Each structure stands twice: as structure tokens, then as C-alpha cells.
$ cat input_2.cif   # mmCIF, C-alpha atoms
data_model
#
loop_
_atom_site.label_atom_id
_atom_site.label_comp_id
_atom_site.auth_asym_id
_atom_site.auth_seq_id
_atom_site.Cartn_x
_atom_site.Cartn_y
_atom_site.Cartn_z
CA MET G 1 44.98 53.82 -52.44
CA THR G 2 47.54 55.29 -54.84
CA MET G 3 46.89 55.77 -58.54
CA ILE G 4 49.44 53.02 -59.37
CA GLY G 5 47.61 50.63 -57.03
CA LYS G 6 44.31 51.39 -58.78
CA ILE G 7 45.94 50.79 -62.17
CA PHE G 8 47.26 47.37 -61.06
CA ILE G 9 43.81 46.39 -59.75
CA LEU G 10 42.25 47.45 -63.07
CA LEU G 11 44.94 45.47 -64.89
CA ALA G 12 44.13 42.33 -62.90
CA VAL G 13 40.39 42.70 -63.55
CA LEU G 14 40.84 43.24 -67.28
CA THR G 15 43.26 40.31 -67.52
CA ARG G 16 40.61 38.03 -66.01
CA MET G 17 38.09 39.38 -68.51
CA ILE G 18 40.48 38.54 -71.33
CA ASP G 19 40.94 35.01 -69.98
CA ALA G 20 37.18 34.60 -69.86
CA PHE G 21 36.94 35.42 -73.57
CA SER G 22 39.95 33.37 -74.60
CA ILE G 23 39.35 29.64 -74.93
CA ASN G 24 42.99 28.81 -75.53
CA ARG G 25 45.71 29.99 -73.15
CA LEU G 26 48.98 31.65 -74.10
CA PRO G 27 51.66 29.00 -74.70
CA PRO G 28 54.07 28.76 -71.76
CA ILE G 29 56.91 30.81 -73.20
CA ILE G 30 57.59 32.09 -69.71
CA ASN G 31 57.62 29.85 -66.65
CA GLN G 32 55.44 32.07 -64.45
CA GLU G 33 56.68 30.52 -61.19
CA GLU G 34 60.38 30.98 -61.87
CA SER G 35 60.16 33.77 -64.51
CA THR G 36 62.72 31.97 -66.66
CA LEU G 37 62.68 31.31 -70.37
CA ASP G 38 61.24 28.03 -71.60
CA VAL G 39 63.74 27.45 -74.39
CA SER G 40 61.92 24.47 -75.84
CA MET G 41 58.87 26.59 -76.66
CA SER G 42 60.81 29.63 -77.87
CA THR G 43 62.87 28.06 -80.63
CA THR G 44 59.88 27.65 -82.94
CA SER G 45 57.06 29.87 -84.11
CA LEU G 46 54.13 30.12 -81.76
CA PRO G 47 50.78 28.50 -82.60
CA PRO G 48 47.89 30.61 -83.98
CA THR G 49 46.27 30.91 -80.54
CA TYR G 50 48.99 33.36 -79.57
CA SER G 51 47.84 35.87 -82.18
CA THR G 52 44.25 35.46 -81.05
CA ARG G 53 45.17 36.20 -77.46
CA ARG G 54 47.36 39.12 -78.54
CA LYS G 55 44.36 40.70 -80.29
CA LEU G 56 42.21 40.30 -77.21
CA ILE G 57 44.82 41.85 -74.93
CA SER G 58 45.54 44.61 -77.43
CA TYR G 59 41.82 45.46 -77.39
CA PHE G 60 42.14 46.41 -73.72
CA PHE G 61 45.76 47.58 -73.48
CA GLY G 62 46.78 48.67 -76.97
CA THR G 63 50.47 48.54 -77.85
CA ALA G 64 51.47 47.88 -74.24
CA ALA G 65 50.22 44.28 -74.40
CA PRO G 66 53.52 42.37 -74.84
CA ALA G 67 55.17 44.29 -72.01
CA LEU G 68 52.24 43.65 -69.70
CA LEU G 69 52.62 39.92 -70.25
CA ILE G 70 56.24 39.77 -69.22
CA ILE G 71 57.56 42.46 -66.90
CA ASP G 72 56.88 42.41 -63.18
CA LYS G 73 54.20 45.08 -62.73
CA ALA G 74 55.21 45.66 -59.11
CA SER G 75 58.48 47.19 -60.34
CA ALA G 76 58.97 50.84 -61.24
CA SER G 77 57.70 51.91 -64.64
CA CYS G 78 59.80 53.24 -67.54
CA LEU G 79 59.07 54.24 -71.09
CA THR G 80 60.36 51.71 -73.59
CA GLY G 81 63.29 53.63 -75.03
CA ASP G 82 64.46 55.22 -71.79
CA GLU G 83 68.13 54.22 -71.59
CA SER G 84 68.62 55.17 -67.93
CA PRO G 85 70.30 52.32 -65.98
CA GLU G 86 67.45 52.28 -63.44
CA CYS G 87 65.14 51.15 -66.26
CA ILE G 88 66.97 47.85 -66.75
CA GLY G 89 64.61 44.96 -66.09
CA VAL G 90 61.62 46.99 -64.88
CA PHE G 91 58.10 47.34 -66.25
CA LYS G 92 58.04 48.91 -69.70
CA GLU G 93 55.23 51.09 -71.02
CA GLY G 94 54.00 50.28 -74.51
CA ILE G 95 55.34 52.22 -77.51
CA PRO G 96 52.68 54.32 -79.29
CA GLU G 97 52.15 53.81 -83.00
CA SER G 98 53.06 56.44 -85.57
CA THR G 99 52.86 56.86 -89.33
CA GLY G 100 55.86 59.18 -89.41
CA ASN G 101 59.55 58.31 -89.44
CA THR G 102 59.93 58.94 -85.69
CA ILE G 103 58.01 58.13 -82.52
CA GLU G 104 58.13 60.56 -79.61
CA GLN G 105 57.36 59.68 -75.99
CA SER G 106 57.34 61.78 -72.84
CA TYR G 107 56.80 61.16 -69.13
CA GLY G 108 54.89 64.44 -69.02
CA VAL G 109 53.94 65.69 -65.56
CA PHE G 110 55.05 62.44 -63.94
CA ARG G 111 58.74 63.15 -64.62
CA PRO G 112 58.90 66.71 -65.97
CA ASN G 113 62.70 66.81 -65.90
CA GLN G 114 63.07 63.83 -68.22
CA PRO G 115 63.68 64.71 -71.88
CA THR G 116 61.41 63.55 -74.69
CA ILE G 117 62.41 60.14 -76.08
CA THR G 118 62.62 59.99 -79.88
CA LEU G 119 62.77 56.60 -81.60
CA PRO G 120 63.20 55.75 -85.30
CA ASN G 121 60.10 54.38 -87.03
CA PRO G 122 60.45 52.39 -90.27
CA THR G 123 58.28 53.39 -93.19
CA SER G 124 59.14 50.45 -95.47
CA ILE G 125 59.70 46.71 -95.09
CA ASN G 126 63.34 47.05 -96.14
CA GLU G 127 63.91 49.73 -93.51
CA ALA G 128 62.34 47.50 -90.84
CA ILE G 129 64.48 44.53 -91.88
CA GLY G 130 67.57 46.75 -91.79
CA MET G 131 66.64 47.86 -88.28
CA LEU G 132 66.40 44.22 -87.18
CA LYS G 133 69.79 43.43 -88.70
CA ASP G 134 71.32 46.34 -86.78
CA GLN G 135 69.82 45.04 -83.54
CA LEU G 136 71.18 41.57 -84.25
CA LEU G 137 74.68 43.05 -84.32
CA ALA G 138 73.99 44.94 -81.10
CA ILE G 139 72.76 41.73 -79.45
CA GLU G 140 76.11 40.15 -80.30
CA ASP G 141 77.73 43.01 -78.36
CA ILE G 142 75.41 42.24 -75.44
CA GLU G 143 76.51 38.62 -75.64
CA LYS G 144 80.16 39.70 -75.28
CA GLN G 145 79.31 42.02 -72.38
CA ILE G 146 77.50 39.24 -70.55
CA SER G 147 80.43 36.89 -71.14
CA LYS G 148 82.52 39.40 -69.19
CA ALA G 149 79.82 39.66 -66.48
CA SER G 150 79.31 43.34 -67.38
CA PHE G 151 75.61 43.12 -66.60
CA GLU G 152 74.88 46.83 -66.29
CA LEU G 153 76.60 47.59 -69.60
CA ALA G 154 74.67 44.75 -71.22
CA GLY G 155 71.46 46.10 -69.69
CA THR G 156 71.93 49.64 -70.97
CA THR G 157 72.75 48.27 -74.43
CA MET G 158 69.55 46.20 -74.28
CA LEU G 159 67.55 49.31 -73.35
CA ARG G 160 68.57 50.76 -76.71
CA VAL G 161 67.95 47.52 -78.62
CA LEU G 162 64.54 46.63 -77.14
CA PRO G 163 62.38 49.47 -78.53
CA ARG G 164 63.91 49.09 -81.98
CA LEU G 165 63.16 45.36 -81.95
CA ILE G 166 59.56 46.03 -80.95
CA ILE G 167 59.02 48.82 -83.48
CA ALA G 168 60.59 46.88 -86.36
CA GLU G 169 58.77 43.61 -85.65
CA ARG G 170 55.48 45.51 -85.27
CA TYR G 171 55.89 47.10 -88.69
CA ILE G 172 56.83 43.78 -90.33
CA ALA G 173 53.89 41.98 -88.69
CA THR G 174 51.54 44.68 -90.03
CA VAL G 175 52.85 44.39 -93.58
CA LEU G 176 53.33 40.60 -93.51
CA PRO G 177 50.62 39.02 -91.30
CA SER G 178 52.05 35.56 -92.03
CA VAL G 179 55.01 36.27 -89.74
CA ILE G 180 53.08 37.83 -86.86
CA ASP G 181 53.71 34.92 -84.49
CA ARG G 182 57.47 35.03 -85.03
CA ALA G 183 57.43 38.81 -84.69
CA ASP G 184 55.47 38.63 -81.43
CA GLU G 185 57.88 36.00 -80.16
CA ILE G 186 60.81 38.37 -80.62
CA THR G 187 59.12 41.01 -78.47
CA VAL G 188 58.53 38.43 -75.74
CA LEU G 189 62.13 37.20 -75.90
CA GLY G 190 63.52 40.73 -75.87
CA LEU G 191 61.47 41.70 -72.82
CA THR G 192 62.54 38.49 -71.11
CA LEU G 193 66.21 39.22 -71.71
CA ASP G 194 65.81 42.75 -70.36
CA LYS G 195 64.07 41.45 -67.24
CA ASN G 196 66.67 38.76 -66.61
CA ILE G 197 69.59 41.16 -67.03
CA GLY G 198 67.96 43.29 -64.35
CA LYS G 199 67.66 40.24 -62.10
CA ALA G 200 71.33 39.40 -62.71
CA MET G 201 72.35 42.94 -61.73
CA ARG G 202 70.41 42.61 -58.48
CA GLY G 203 71.80 39.17 -57.69
CA ASN G 204 68.48 37.40 -58.24
CA LEU G 205 69.79 34.88 -60.79
CA GLY G 206 72.30 33.28 -58.47
CA THR G 207 76.05 33.59 -58.83
CA ALA G 208 77.60 35.54 -61.68
CA VAL G 209 78.42 32.32 -63.52
CA ILE G 210 74.87 30.97 -63.21
CA ALA G 211 73.49 34.34 -64.34
CA GLN G 212 75.82 34.34 -67.35
CA LEU G 213 74.67 30.88 -68.41
CA GLU G 214 71.00 31.87 -68.10
CA LEU G 215 71.45 35.10 -70.04
CA LEU G 216 73.58 33.53 -72.76
CA SER G 217 70.84 30.92 -73.21
CA ASN G 218 68.26 33.72 -73.52
CA ILE G 219 70.42 35.46 -76.13
CA LYS G 220 70.90 32.27 -78.16
CA VAL G 221 67.14 31.80 -78.45
CA LEU G 222 66.56 35.48 -79.27
CA LYS G 223 69.21 35.46 -82.01
CA THR G 224 67.75 32.29 -83.54
CA SER G 225 64.26 33.76 -83.57
CA LEU G 226 65.48 37.08 -84.94
CA ASP G 227 67.44 35.36 -87.70
CA GLY G 228 64.31 33.44 -88.61
CA LEU G 229 62.18 36.58 -88.87
CA ILE G 230 64.77 38.38 -90.98
CA VAL G 231 64.94 35.43 -93.40
CA ARG G 232 61.14 35.10 -93.67
CA ALA G 233 60.59 38.84 -94.06
CA SER G 234 63.36 39.12 -96.67
CA ALA G 235 61.92 36.21 -98.65
CA SER G 236 58.51 37.87 -98.75
#
$ encode --input "input_2.cif" --output "C-alpha cells"
Amino acid sequence: MTMIGKIFILLAVLTRMIDAFSINRLPPIINQEESTLDVSMSTTSLPPTYSTRRKLISYFFGTAAPALLIIDKASASCLTGDESPECIGVFKEGIPESTGNTIEQSYGVFRPNQPTITLPNPTSINEAIGMLKDQLLAIEDIEKQISKASFELAGTTMLRVLPRLIIAERYIATVLPSVIDRADEITVLGLTLDKNIGKAMRGNLGTAVIAQLELLSNIKVLKTSLDGLIVRASAS
């Protein structure tokens, strides 16, 4: 059995352990059978049980928890922040935490020819909010790219947006625990959009028109949630 196979088995075992400890289940943000976004659940903040489950999962998986909930683990693995087109819609490794103004990641011996990935890391609430505002503008660009059925271009843009969303919301949730559910929701929505763009590129969302409608719906919910977090964080 390969090392990846062993990791997936361990993942499945630990997930069952988490479920055994968690009385309340994660709200159905993602329809697990169809892997599509449940818009009705995503337009509002998630209930407190989400944070409880996040803590349990984080105990076992650390910062990788949100990605493990969403992305198909049978796909290839990429670092969150790798902007290579082949990383669109595939499993994303969690982003390590840092107290400095940058976060560095490397594939190490697994992909020795890949350069180190350096991501910005906010050190103040205003910096984190500014990062979110920048990503909101970039998401509007993604919206235009999807409207033109330029799925690969939209996907590569999302690869740049996604880690910055995750890093910024993580900082804000640490400083302002009252917004943690909305912050977590943005990570889930961002990962979902990335996954669905990958599916659209591979023809797994139906025709181009159907894929566009699905992705534009995903973007609408993400923008609404992101706007809400920016407003709440700014008010605090």
C-alpha cells in the first residue's frame, strides 16, 4: 500500500473518531452526494455547532481542517497557494500558521523542483480586512471570467485568491472570536468554488452554460458572505 493510501485510511479513521466525539453534525453546507453548494444554508452565519466541530477536527488535522472537509481526497494534492493550473479544484494542503508577515511553504522532497511558495500574512486587523477587500475585487474578476466561460483563467485567479481568503479570515477569527462562524464559512465557500471550477474545466458540471450558472451562483454566495465579514470586522 502506498503512503498516500495509508494517509487516506488514517484520515477516514480519525474522521470517525471525530464524529464519535461530536454530538452535533456539521450543517449541510455541501451536498455530499452531488458536491454542490447548498445556497440556502450558505447565505447566513453558521450555528455554533460548526465552531465546535472545527475545534475537534483541528485537534487532529491542524490548519488543514477546512480543506479536508471539502476537497475530494482522491485527487492529487497541492499546497494552498500553488498557482499551477493543475492545482485547480484538487485537494489543498492546509496553510501553516505564522507570527511573521509572510508564510512560506515547500513541497520539499516530494517535488524538489517546485519553488518555495511565499504568502502574505496580516499582522493587524486592518491589514486582514484590507486583504479581504482586495480578494473581493479579484472575485469580481473571476465572475467576469466565468461569464466568458474562461474556466481555466478563473481557476488560476482563484488559486491566488483562495490562500489569501483563508489567511485573512483566520487572523480575523483569532482576533474577533464573535465572527469565527462567518470566517469559517468563507473558507468553505472559497474551497467549494475552487473545486467546482475544476469540475467545470473537466466537463463534470454539464454544459458550459450550466457550469456558468452553477459557478456564478457560488460566487454570489461567496461575495455576500465576504461582504458580511468585512462589515462585521470593520465595525468591531
$ atom_distance --input "input_2.cif" --atom1 "atom CA of G:Leu119" --atom2 "atom CA of G:Asp134"
14.3 Å
$ resolve_selection --input "input_2.cif" --expression "the PyMOL selection byres ((chain G and resi 173-178) around 12)" --output "ChimeraX atom specification"
/G:45-48,51,97,122-126,128-129,165-172,179-187,229-230,232-236
$ residues_around --input "input_2.cif" --residues "G:Leu205" --least-positions-apart "4" --cutoff "12 Å" --atoms "all atoms listed in the file" --output "MDAnalysis selection string"
chainID G and resid 34:36 151 195:201 209:215
$ resolve_selection --input "input_2.cif" --expression "the PyMOL selection byres ((chain G and resi 163) around 12)" --output "PyMOL selection string"
chain G and resi 63-64+66-67+78-83+92-97+103-105+117-121+131-132+135+157-162+164-170+186-187+190-191+194
$ closest_residue --input "input_2.cif" --among "G:Thr207, G:Asn218, G:Ser225, G:Ser98" --to "G:Ala149" --atoms "only C-alpha atoms"
G:Thr207
$ atom_distance --input "input_2.cif" --atom1 "atom CA of G:Lys148" --atom2 "atom CA of G:Phe91"
25.8 Å
$ atom_distance --input "input_2.cif" --atom1 "atom CA of G:Glu152" --atom2 "atom CA of G:Asp227"
25.4 Å
$ closest_residue --input "input_2.cif" --among "G:Ala208, G:Thr116, G:Thr156, G:Glu127" --to "G:Asp141" --atoms "only C-alpha atoms"
G:Thr156
